[in-house]
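For reference, structure.txt is printed below; it contains compact mmCIF, C-alpha atoms.
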# COMPACT_ATOMS: atom_id res chain seq x y z
CA MET J 1082 11.05 17.41 -38.18
CA SER J 1083 14.79 18.08 -37.97
CA ALA J 1084 17.20 15.41 -36.77
CA VAL J 1085 18.08 17.50 -33.69
CA LEU J 1086 14.41 17.79 -32.60
CA LEU J 1087 13.82 14.10 -33.27
CA PHE J 1088 16.86 13.19 -31.17
CA ALA J 1089 15.72 15.48 -28.35
CA LEU J 1090 12.22 13.97 -28.40
CA CYS J 1091 13.56 10.41 -28.34
CA PHE J 1092 15.97 11.26 -25.54
CA SER J 1093 13.16 12.87 -23.52
CA LEU J 1094 10.89 9.85 -23.98
CA ARG J 1095 13.70 7.47 -23.07
CA THR J 1096 14.54 9.48 -19.96
CA HIS J 1097 10.87 9.50 -18.92
CA ALA J 1098 10.61 5.74 -19.46
CA VAL J 1099 13.76 5.06 -17.45
CA THR J 1100 12.50 7.30 -14.64
CA ARG J 1101 9.14 5.52 -14.62
CA ILE J 1102 10.78 2.09 -14.58
CA TRP J 1103 13.08 3.16 -11.74
CA SER J 1104 10.09 4.52 -9.79
CA CYS J 1105 8.14 1.28 -10.26
CA ALA J 1106 11.17 -0.78 -9.22
CA THR J 1107 11.55 1.32 -6.08
CA GLU J 1108 7.86 0.83 -5.20
CA VAL J 1109 8.21 -2.93 -5.68
CA ARG J 1110 11.29 -3.05 -3.43
CA GLU J 1111 9.52 -1.04 -0.73
CA SER J 1112 6.45 -3.28 -0.94
CA CYS J 1113 8.58 -6.41 -0.64
CA LEU J 1114 10.42 -4.93 2.34
CA LYS J 1115 7.15 -4.12 4.12
CA ARG J 1116 5.80 -7.62 3.47
CA LYS J 1117 9.02 -9.10 4.82
CA GLN J 1118 8.83 -6.95 7.97
CA LEU J 1119 5.17 -7.93 8.47
CA LEU J 1120 5.99 -11.61 8.14
CA GLU J 1121 8.91 -11.30 10.57
CA GLY J 1122 6.64 -9.63 13.12
CA ILE J 1123 4.03 -12.38 12.74
CA LYS J 1124 6.68 -15.07 13.19
CA ALA J 1125 8.20 -13.36 16.21
CA ASP J 1126 4.91 -13.26 18.16
CA LYS J 1127 3.37 -16.37 16.52
CA ILE J 1128 0.23 -14.45 15.52
CA SER J 1129 -1.48 -17.35 13.76
CA PRO J 1130 -5.08 -15.96 13.75
CA TYR J 1131 -3.86 -12.69 12.22
CA TYR J 1132 -1.70 -14.64 9.75
CA LYS J 1133 -4.86 -16.39 8.51
CA LEU J 1134 -6.52 -13.01 8.02
CA VAL J 1135 -3.70 -11.39 6.01
CA THR J 1136 -3.15 -14.47 3.83
CA SER J 1137 -6.86 -14.73 3.04
CA ALA J 1138 -6.80 -11.06 1.99
CA GLY J 1139 -3.81 -11.72 -0.29
CA ALA J 1140 -1.38 -9.51 1.62
CA LEU J 1141 0.97 -12.46 2.20
CA THR J 1142 1.47 -15.83 0.53
CA SER J 1143 0.04 -18.65 2.60
CA ASP J 1144 2.53 -21.12 4.08
CA PRO J 1145 0.66 -24.12 5.62
CA ALA J 1146 3.79 -25.40 7.36
CA LEU J 1147 4.41 -22.03 9.04
CA LEU J 1148 0.75 -21.77 10.11
CA GLU J 1149 0.79 -25.28 11.57
CA SER J 1150 4.01 -24.53 13.46
CA MET J 1151 2.64 -21.30 14.97
CA GLU J 1152 -0.66 -22.91 15.93
CA LYS J 1153 1.18 -25.77 17.63
CA ASP J 1154 3.35 -23.33 19.61
CA ASN J 1155 0.29 -21.29 20.63
CA GLU J 1156 -1.58 -24.40 21.77
CA GLU J 1157 1.42 -25.44 23.86
CA GLU J 1158 1.69 -21.98 25.42
CA LEU J 1159 -2.05 -21.93 26.15
CA ARG J 1160 -1.80 -25.39 27.76
CA LYS J 1161 0.95 -24.13 30.09
CA LEU J 1162 -1.15 -21.08 31.02
CA ASP J 1163 -4.17 -23.28 31.75
CA GLU J 1164 -2.04 -25.51 33.97
CA ARG J 1165 -0.74 -22.46 35.80
CA LEU J 1166 -4.32 -21.22 36.31
CA ALA J 1167 -5.47 -24.61 37.61
CA GLU J 1168 -2.57 -24.72 40.06
CA ALA J 1169 -3.35 -21.19 41.28
CA GLU J 1170 -7.02 -22.08 41.82
CA LYS J 1171 -6.08 -25.15 43.91
CA GLN J 1172 -3.21 -23.86 46.03
CA GLU J 1173 -2.93 -20.04 45.87
CA GLY J 1174 -4.98 -16.92 46.54
CA GLU J 1175 -7.00 -14.38 44.56
CA SER J 1176 -4.00 -12.34 43.48
CA GLU J 1177 -2.24 -15.33 41.90
CA ILE J 1178 -5.46 -16.46 40.19
CA SER J 1179 -5.91 -12.94 38.79
CA ASP J 1180 -2.33 -12.90 37.48
CA ALA J 1181 -2.86 -16.26 35.74
CA LEU J 1182 -6.13 -15.07 34.16
CA LYS J 1183 -4.52 -11.86 32.93
CA ALA J 1184 -1.55 -13.77 31.49
CA ARG J 1185 -3.94 -16.04 29.59
CA ALA J 1186 -6.00 -13.09 28.32
CA ASN J 1187 -2.88 -11.18 27.26
CA HIS J 1188 -1.59 -14.22 25.35
CA LEU J 1189 -4.83 -14.50 23.37
CA THR J 1190 -4.75 -10.75 22.72
CA ARG J 1191 -1.15 -10.88 21.51
CA ILE J 1192 -1.76 -13.64 18.96
CA GLY J 1193 -4.86 -11.89 17.58
CA ASP J 1194 -7.58 -14.31 18.76
CA LYS J 1195 -10.28 -11.62 19.11
CA GLU J 1196 -13.19 -13.73 20.35
CA GLY J 1197 -11.08 -15.68 22.83
CA ALA J 1198 -9.30 -12.54 23.99
CA VAL J 1199 -12.53 -10.61 24.67
CA ALA J 1200 -13.99 -13.47 26.71
CA ALA J 1201 -10.73 -13.96 28.62
CA GLN J 1202 -10.38 -10.24 29.38
CA LYS J 1203 -13.95 -10.09 30.72
CA LEU J 1204 -13.30 -13.10 32.94
CA ALA J 1205 -10.05 -11.55 34.20
CA LEU J 1206 -11.90 -8.33 35.02
CA GLU J 1207 -14.55 -10.19 37.03
CA LYS J 1208 -11.99 -12.20 39.01
CA THR J 1209 -9.50 -9.38 39.62
CA PRO J 1210 -9.48 -7.85 43.12
CA GLY J 1211 -8.37 -4.26 43.69
CA LEU J 1212 -9.35 -1.14 41.80
CA GLY J 1213 -5.91 -0.45 40.32
CA SER J 1214 -5.64 -3.82 38.61
CA ARG J 1215 -9.17 -3.50 37.23
CA ILE J 1216 -8.21 -0.16 35.70
CA ASP J 1217 -5.30 -1.84 33.91
CA ILE J 1218 -7.66 -4.38 32.33
CA ASN J 1219 -10.74 -2.34 31.45
CA LEU J 1220 -9.96 1.02 29.88
CA PRO J 1221 -13.54 1.81 28.76
CA LYS J 1222 -14.56 1.86 32.43
CA ALA J 1223 -11.25 3.24 33.66
CA GLU J 1224 -12.51 6.79 34.15
CA ARG J 1225 -15.22 5.61 36.53
CA PHE J 1226 -12.72 3.44 38.39
CA ILE J 1227 -10.30 6.39 38.61
CA GLU J 1228 -12.97 8.52 40.25
CA GLU J 1229 -13.56 5.75 42.77
CA GLY J 1230 -9.92 5.81 43.82
CA GLY J 1231 -7.23 5.32 41.17
CA ASP J 1232 -3.59 6.07 41.99
CA TRP J 1233 -1.42 8.86 40.53
CA ASP J 1234 0.35 6.73 37.93
CA ARG J 1235 -2.86 5.33 36.48
CA ARG J 1236 -4.46 8.77 36.35
CA ASN J 1237 -1.60 10.01 34.20
CA ARG J 1238 -1.61 6.96 31.96
CA LEU J 1239 -5.34 7.39 31.43
CA LYS J 1240 -4.68 10.94 30.19
CA VAL J 1241 -2.34 9.54 27.54
CA TYR J 1242 -4.86 6.88 26.44
CA ARG J 1243 -7.68 9.41 26.24
CA GLY J 1244 -5.46 11.95 24.49
CA LEU J 1245 -4.47 9.51 21.75
CA HIS J 1246 -8.10 8.50 21.30
CA MET J 1247 -9.15 12.16 20.98
CA ILE J 1248 -6.49 12.73 18.33
CA SER J 1249 -7.58 9.63 16.41
CA ILE J 1250 -11.11 11.10 16.08
CA ARG J 1251 -9.72 14.57 15.22
CA GLN J 1252 -10.57 16.30 18.49
CA LEU J 1253 -7.11 17.84 18.44
CA LYS J 1254 -7.60 20.60 21.01
CA ALA J 1255 -8.91 18.26 23.72
CA GLY J 1256 -6.37 15.57 22.86
CA GLY J 1257 -3.46 18.01 22.80
CA ALA J 1258 -4.40 19.38 26.22
CA LEU J 1259 -4.39 15.88 27.71
CA LEU J 1260 -1.00 15.05 26.20
CA LEU J 1261 0.43 18.33 27.41
CA ASP J 1262 -0.78 17.64 30.97
CA ALA J 1263 0.94 14.23 30.89
CA LEU J 1264 4.17 15.52 29.32
CA SER J 1265 6.22 15.75 32.51
CA THR J 1266 4.81 12.53 34.02
CA PHE J 1267 4.68 10.21 31.00
CA THR J 1268 4.87 6.51 31.91
CA ALA J 1269 2.68 4.85 29.24
CA THR J 1270 5.61 3.23 27.42
CA GLU J 1271 3.36 0.30 26.49
CA LEU J 1272 1.71 2.65 23.96
CA THR J 1273 4.63 4.57 22.49
CA THR J 1274 8.19 5.63 23.16
CA TYR J 1275 8.91 8.81 25.11
CA ASN J 1276 10.39 10.64 22.11
CA ASP J 1277 7.41 9.77 19.90
CA PHE J 1278 5.04 10.94 22.63
CA VAL J 1279 6.84 14.29 22.96
CA ALA J 1280 6.89 14.67 19.16
CA LEU J 1281 3.14 14.02 18.99
CA THR J 1282 2.53 16.52 21.79
CA ILE J 1283 4.53 19.17 19.92
CA ILE J 1284 2.79 18.55 16.59
CA ILE J 1285 -0.75 18.74 17.98
CA ASN J 1286 -0.23 21.65 20.35
CA ALA J 1287 1.63 23.71 17.75
CA LEU J 1288 -1.74 23.96 16.05
CA THR J 1289 -4.02 24.36 19.06
CA LEU J 1290 -2.08 26.57 21.50
CA LYS J 1291 -2.15 30.36 21.41
CA ARG J 1292 1.11 32.09 20.55
CA VAL J 1293 1.82 33.14 24.14
CA ASP J 1294 1.27 29.62 25.45
CA LEU J 1295 3.36 28.20 22.62
CA LYS J 1296 6.44 29.88 24.07
CA LYS J 1297 5.60 29.18 27.69
CA ARG J 1298 4.41 25.59 27.52
CA LEU J 1299 6.27 24.13 24.53
CA ILE J 1300 9.30 26.00 23.25
CA THR J 1301 10.87 26.49 26.70
CA ALA J 1302 9.68 23.20 28.22
CA PRO J 1303 12.65 20.99 29.26
CA GLU J 1304 10.92 17.84 27.96
CA VAL J 1305 10.54 19.45 24.53
CA ILE J 1306 14.07 20.86 24.41
CA SER J 1307 15.48 17.42 25.23
CA VAL J 1308 14.12 15.85 22.01
CA PHE J 1309 15.02 18.71 19.65
CA PRO J 1310 18.50 17.28 18.84
CA GLU J 1311 16.92 13.98 17.77
CA ILE J 1312 13.98 15.53 15.87
CA PRO J 1313 15.31 18.91 14.61
CA ILE J 1314 12.41 19.42 12.19
CA LEU J 1315 10.11 20.04 15.17
CA GLU J 1316 12.42 22.75 16.46
CA ASP J 1317 12.35 24.42 13.04
CA LEU J 1318 8.56 24.20 12.92
CA LEU J 1319 7.98 25.68 16.38
CA ASN J 1320 10.62 28.42 16.36
CA ASN J 1321 9.87 29.63 12.83
CA LEU J 1322 6.14 29.77 13.56
CA TYR J 1323 6.71 31.68 16.78
CA ASP J 1324 9.35 34.04 15.35
CA GLY J 1325 7.39 34.73 12.16
CA HIS J 1326 9.91 33.23 9.71
CA TYR J 1327 7.17 31.92 7.46
CA ALA J 1328 9.28 30.89 4.47
CA LYS J 1329 11.27 28.54 6.71
CA PHE J 1330 8.09 27.50 8.50
CA PHE J 1331 6.45 26.29 5.28
CA VAL J 1332 9.58 24.33 4.36
CA ALA J 1333 9.55 22.70 7.82
CA LEU J 1334 5.82 21.94 7.49
CA ALA J 1335 6.32 20.26 4.11
CA THR J 1336 9.22 18.21 5.49
CA LEU J 1337 7.19 17.20 8.53
CA GLU J 1338 4.33 16.09 6.29
CA GLN J 1339 6.53 13.70 4.32
CA THR J 1340 8.78 12.41 7.10
CA TYR J 1341 6.40 12.15 10.06
CA LEU J 1342 2.71 12.80 9.36
CA LEU J 1343 2.12 10.52 6.37
CA PRO J 1344 4.07 7.53 7.79
CA SER J 1345 2.29 7.86 11.17
CA ARG J 1346 -0.53 5.36 11.72
CA LEU J 1347 -2.26 7.82 14.05
CA LEU J 1348 -1.77 11.05 12.10
CA SER J 1349 -1.85 9.83 8.50
CA PRO J 1350 -5.68 10.09 8.14
CA HIS J 1351 -5.52 13.70 9.38
CA THR J 1352 -2.47 14.88 7.40
CA ARG J 1353 -4.31 17.05 4.85
CA TYR J 1354 -6.45 18.60 7.57
CA TYR J 1355 -3.43 19.33 9.78
CA VAL J 1356 -1.35 20.87 6.98
CA ARG J 1357 -4.27 23.05 5.86
CA GLU J 1358 -4.96 24.29 9.40
CA MET J 1359 -1.28 25.06 9.99
CA GLN J 1360 -1.20 27.06 6.75
CA ILE J 1361 -4.26 29.04 7.86
CA LEU J 1362 -2.66 29.61 11.26
CA ALA J 1363 0.49 31.04 9.67
CA TYR J 1364 -1.46 33.26 7.25
CA SER J 1365 -3.73 34.52 10.05
CA GLN J 1366 -0.79 35.24 12.32
CA LEU J 1367 0.89 37.26 9.57
CA LEU J 1368 -2.23 39.21 8.56
CA GLU J 1369 -3.20 40.05 12.15
CA SER J 1370 0.08 41.91 12.65
CA SER J 1371 -0.97 44.80 10.39
CA ARG J 1372 -4.07 46.21 8.70
CA SER J 1373 -2.62 46.08 5.20
CA LEU J 1374 0.45 44.70 3.46
CA THR J 1375 1.96 45.33 0.06
CA LEU J 1376 2.75 42.36 -2.13
CA GLU J 1377 6.41 43.39 -2.01
CA SER J 1378 6.52 43.19 1.79
CA LEU J 1379 4.57 39.95 1.65
CA SER J 1380 7.07 38.54 -0.81
CA GLY J 1381 9.84 39.42 1.66
CA VAL J 1382 8.14 37.20 4.21
CA PHE J 1383 7.80 34.35 1.71
CA VAL J 1384 10.05 33.67 -1.27
CA SER J 1385 9.13 36.03 -4.07
CA VAL J 1386 6.31 38.04 -5.58
CA GLU J 1387 5.70 35.17 -8.03
CA PHE J 1388 5.23 32.82 -5.07
CA VAL J 1389 2.71 35.19 -3.50
CA ASP J 1390 0.84 35.47 -6.79
CA SER J 1391 0.63 31.71 -7.20
CA VAL J 1392 -0.46 31.16 -3.60
CA SER J 1393 -3.02 33.97 -3.67
CA SER J 1394 -4.60 32.50 -6.77
CA SER J 1395 -5.01 29.08 -5.13
CA GLU J 1396 -4.58 28.69 -1.38
CA LEU J 1397 -5.31 32.22 -0.16
CA SER J 1398 -8.28 32.69 -2.47
CA ARG J 1399 -9.75 29.38 -1.30
CA PHE J 1400 -9.24 30.23 2.38
CA ILE J 1401 -10.74 33.70 1.88
CA ALA J 1402 -13.75 32.34 -0.03
CA ASN J 1403 -14.42 29.81 2.74
CA GLY J 1404 -14.29 32.50 5.40
CA ARG J 1405 -11.14 31.11 7.05
CA LEU J 1406 -9.06 34.23 6.31
CA HIS J 1407 -10.48 37.73 6.65
CA CYS J 1408 -8.69 39.78 4.00
CA THR J 1409 -8.92 40.96 0.40
CA ILE J 1410 -6.23 40.93 -2.30
CA ASP J 1411 -5.98 43.97 -4.57
CA LYS J 1412 -3.62 42.84 -7.34
CA VAL J 1413 -4.05 46.07 -9.27
CA HIS J 1414 -2.55 48.19 -6.48
CA GLY J 1415 -0.47 45.34 -5.04
CA ILE J 1416 -2.07 45.42 -1.58
CA VAL J 1417 -3.47 42.82 0.80
CA GLU J 1418 -5.99 44.37 3.23
CA THR J 1419 -7.25 42.64 6.36
CA THR J 1420 -10.94 42.89 7.23
CA ARG J 1421 -11.49 42.26 10.92
CA PRO J 1422 -14.91 40.64 11.41
CA SER J 1423 -17.35 42.00 13.97
CA LEU J 1424 -17.76 39.68 16.95
CA LYS J 1425 -21.43 40.65 17.35
CA ASN J 1426 -22.15 39.90 13.69
CA ALA J 1427 -20.45 36.52 14.00
CA GLN J 1428 -22.52 35.70 17.08
CA TYR J 1429 -25.68 36.83 15.31
CA ASP J 1430 -24.94 34.62 12.29
CA LYS J 1431 -24.26 31.68 14.60
CA VAL J 1432 -27.59 32.15 16.41
CA ILE J 1433 -29.46 32.38 13.08
CA LYS J 1434 -27.85 29.19 11.75
CA GLN J 1435 -28.41 27.23 14.95
CA GLY J 1436 -32.00 28.56 15.12
CA ASP J 1437 -32.70 27.34 11.59
CA VAL J 1438 -31.39 23.89 12.48
CA LEU J 1439 -33.53 23.80 15.62
CA LEU J 1440 -36.71 24.90 13.76
CA ASN J 1441 -36.16 22.28 11.06
CA SER J 1442 -35.73 19.59 13.72
CA ILE J 1443 -38.94 20.70 15.48
CA GLN J 1444 -40.85 20.65 12.20
CA ARG J 1445 -39.69 17.11 11.40
CA LEU J 1446 -40.59 15.99 14.94
CA SER J 1447 -44.08 17.53 14.67
CA GLN J 1448 -44.66 15.68 11.39
CA VAL J 1449 -43.84 12.40 13.06
CA LEU J 1450 -46.00 13.06 16.14
CA TYR J 1451 -49.03 14.52 14.36

Is it possible to express this structure as structure tokens?
Amino acid sequence: MSAVLLFALCFSLRTHAVTRIWSCATEVRESCLKRKQLLEGIKADKISPYYKLVTSAGALTSDPALLESMEKDNEEELRKLDERLAEAEKQEGESEISDALKARANHLTRIGDKEGAVAAQKLALEKTPGLGSRIDINLPKAERFIEEGGDWDRRNRLKVYRGLHMISIRQLKAGGALLLDALSTFTATELTTYNDFVALTIIINALTLKRVDLKKRLITAPEVISVFPEIPILEDLLNNLYDGHYAKFFVALATLEQTYLLPSRLLSPHTRYYVREMQILAYSQLLESSRSLTLESLSGVFVSVEFVDSVSSSELSRFIANGRLHCTIDKVHGIVETTRPSLKNAQYDKVIKQGDVLLNSIQRLSQVLY
């Protein structure tokens, strides 16, 4: 091996080692910063039960003096709340008693005492007069209470709560519709900030809304326009999807994935699903505009012919094979042809599949009964 090649190899290995060490050091710094932020949050709210949990799991180093100090402060605060409750029961009415019970329950909830908080919240619900206040305490039964006579503000807040829950279980269409309905009347600041709520509404409905509604209900909505200067990536995502600038759209989607989706506690578990569905949406929107496209014209929409070739051999071929995109790629003649599926055939296939599932269920049931 010549001296030049040996030097180049050693330099390459050294550069790789330095890069790896720098990457590891960065990960360590970020981990230490997150641990520090977690500890500061625990100290600020004196969350002693949760502190026990994270230290037992090894996420933080146990500090007996800190734990004792937080427990002492929590016991003192709980003593004051109990005294306030006893005073309300002796001298004041139902409303004051309810406020004292809710304050006690909220304190136990804040410090992470699950068993105590559940019992206290149930007691507060039983002793709370008035439908509106009971809605504030018991969200699982809130919908029934709303039907019995909830006010306008609580109806809108319930939409936000239900919408976020729907998104957390990946029912994006139903969740996005609820968030969109509450967009102009958002008051649930105890859940999230207004800008984060609007951003979440944009992200979900960009996937679920039809193209006509995308313009009418999102792009031109005053609430959406107001947050564009603070979150410009969402403006790029929406406008490029609507205008058909797909090269810029994919750049915006990749940026959104790294800067918003992955760091989001709510959206992080659904990031891969969301990115894949947005890619399919863009491809479908492009292919529906014409019956066939040449690879050259397709490369004009994206970056280059090489990009189209690489995508068609991985993403497009996978989407086509799974039946998510209805087209064929003819690399010999350089053409992409769309194949519009028959609605009747699709309905027929659906009936056959559902019929098979039903027959199998009946057969299993008959085996159990007879």

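Those DNA, RNA and protein residues that approach the point (-1.9, 45.1, 4.8) to within 8 Å, considering all atoms listed in the file, are Leu1368, Ser1371, Arg1372, Ser1373, Leu1374, Thr1375, Ile1416, Val1417, Glu1418 and Thr1419 of chain J.
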
Write out as a VMD selection string the residues lying within 7 Å of J:Ala1263, counting only C-alpha atoms and excluding same-chain residues fewer than 2 positions away.
-> chain J and resid 1237 1240 to 1241 1259 to 1261 1265 to 1267

Restricting the output to C-alpha atoms, write the selected residues as an mmCIF file, in the coordinates of the input.
data_model
loop_
_atom_site.group_PDB
_atom_site.id
_atom_site.type_symbol
_atom_site.label_atom_id
_atom_site.label_comp_id
_atom_site.auth_asym_id
_atom_site.auth_seq_id
_atom_site.Cartn_x
_atom_site.Cartn_y
_atom_site.Cartn_z
ATOM 1 C CA ASN J 1237 -1.600 10.010 34.200
ATOM 2 C CA LYS J 1240 -4.680 10.940 30.190
ATOM 3 C CA VAL J 1241 -2.340 9.540 27.540
ATOM 4 C CA LEU J 1259 -4.390 15.880 27.710
ATOM 5 C CA LEU J 1260 -1.000 15.050 26.200
ATOM 6 C CA LEU J 1261 0.430 18.330 27.410
ATOM 7 C CA SER J 1265 6.220 15.750 32.510
ATOM 8 C CA THR J 1266 4.810 12.530 34.020
ATOM 9 C CA PHE J 1267 4.680 10.210 31.000
#

To one decimal in Å, tell me the separation between atom CA of J:Met1359 and atom CA of J:Gln1428.
-> 24.8 Å

Quick one: everything within 12 Å of J:Glu1311, counting all atoms listed in the file, minus sequence neighbours fewer than 5 positions away in the same chain. Send it as an NGL selection string.
-> :J and (1276-1277 or 1279-1280 or 1305-1306 or 1316)

Do a neighbour search on J:Gln1202 at 9 Å with only C-alpha atoms, toss out local chain neighbours closer than 2 positions, and write the hits as a list in words.
->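 Answer for this query is Leu1182, Lys1183, Arg1185, Ala1186, Asn1187, Thr1190, Gly1197, Ala1198, Val1199, Ala1200, Leu1204, Ala1205, Leu1206, Glu1207, Ile1218 and Asn1219 of chain J.
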
Give the answer as one residue: which of J:Ala1167, J:Ala1258, J:Leu1343, J:Ile1312 has the shortest atom-to-atom distance to J:Tyr1355, using only C-alpha atoms?
-> J:Leu1343
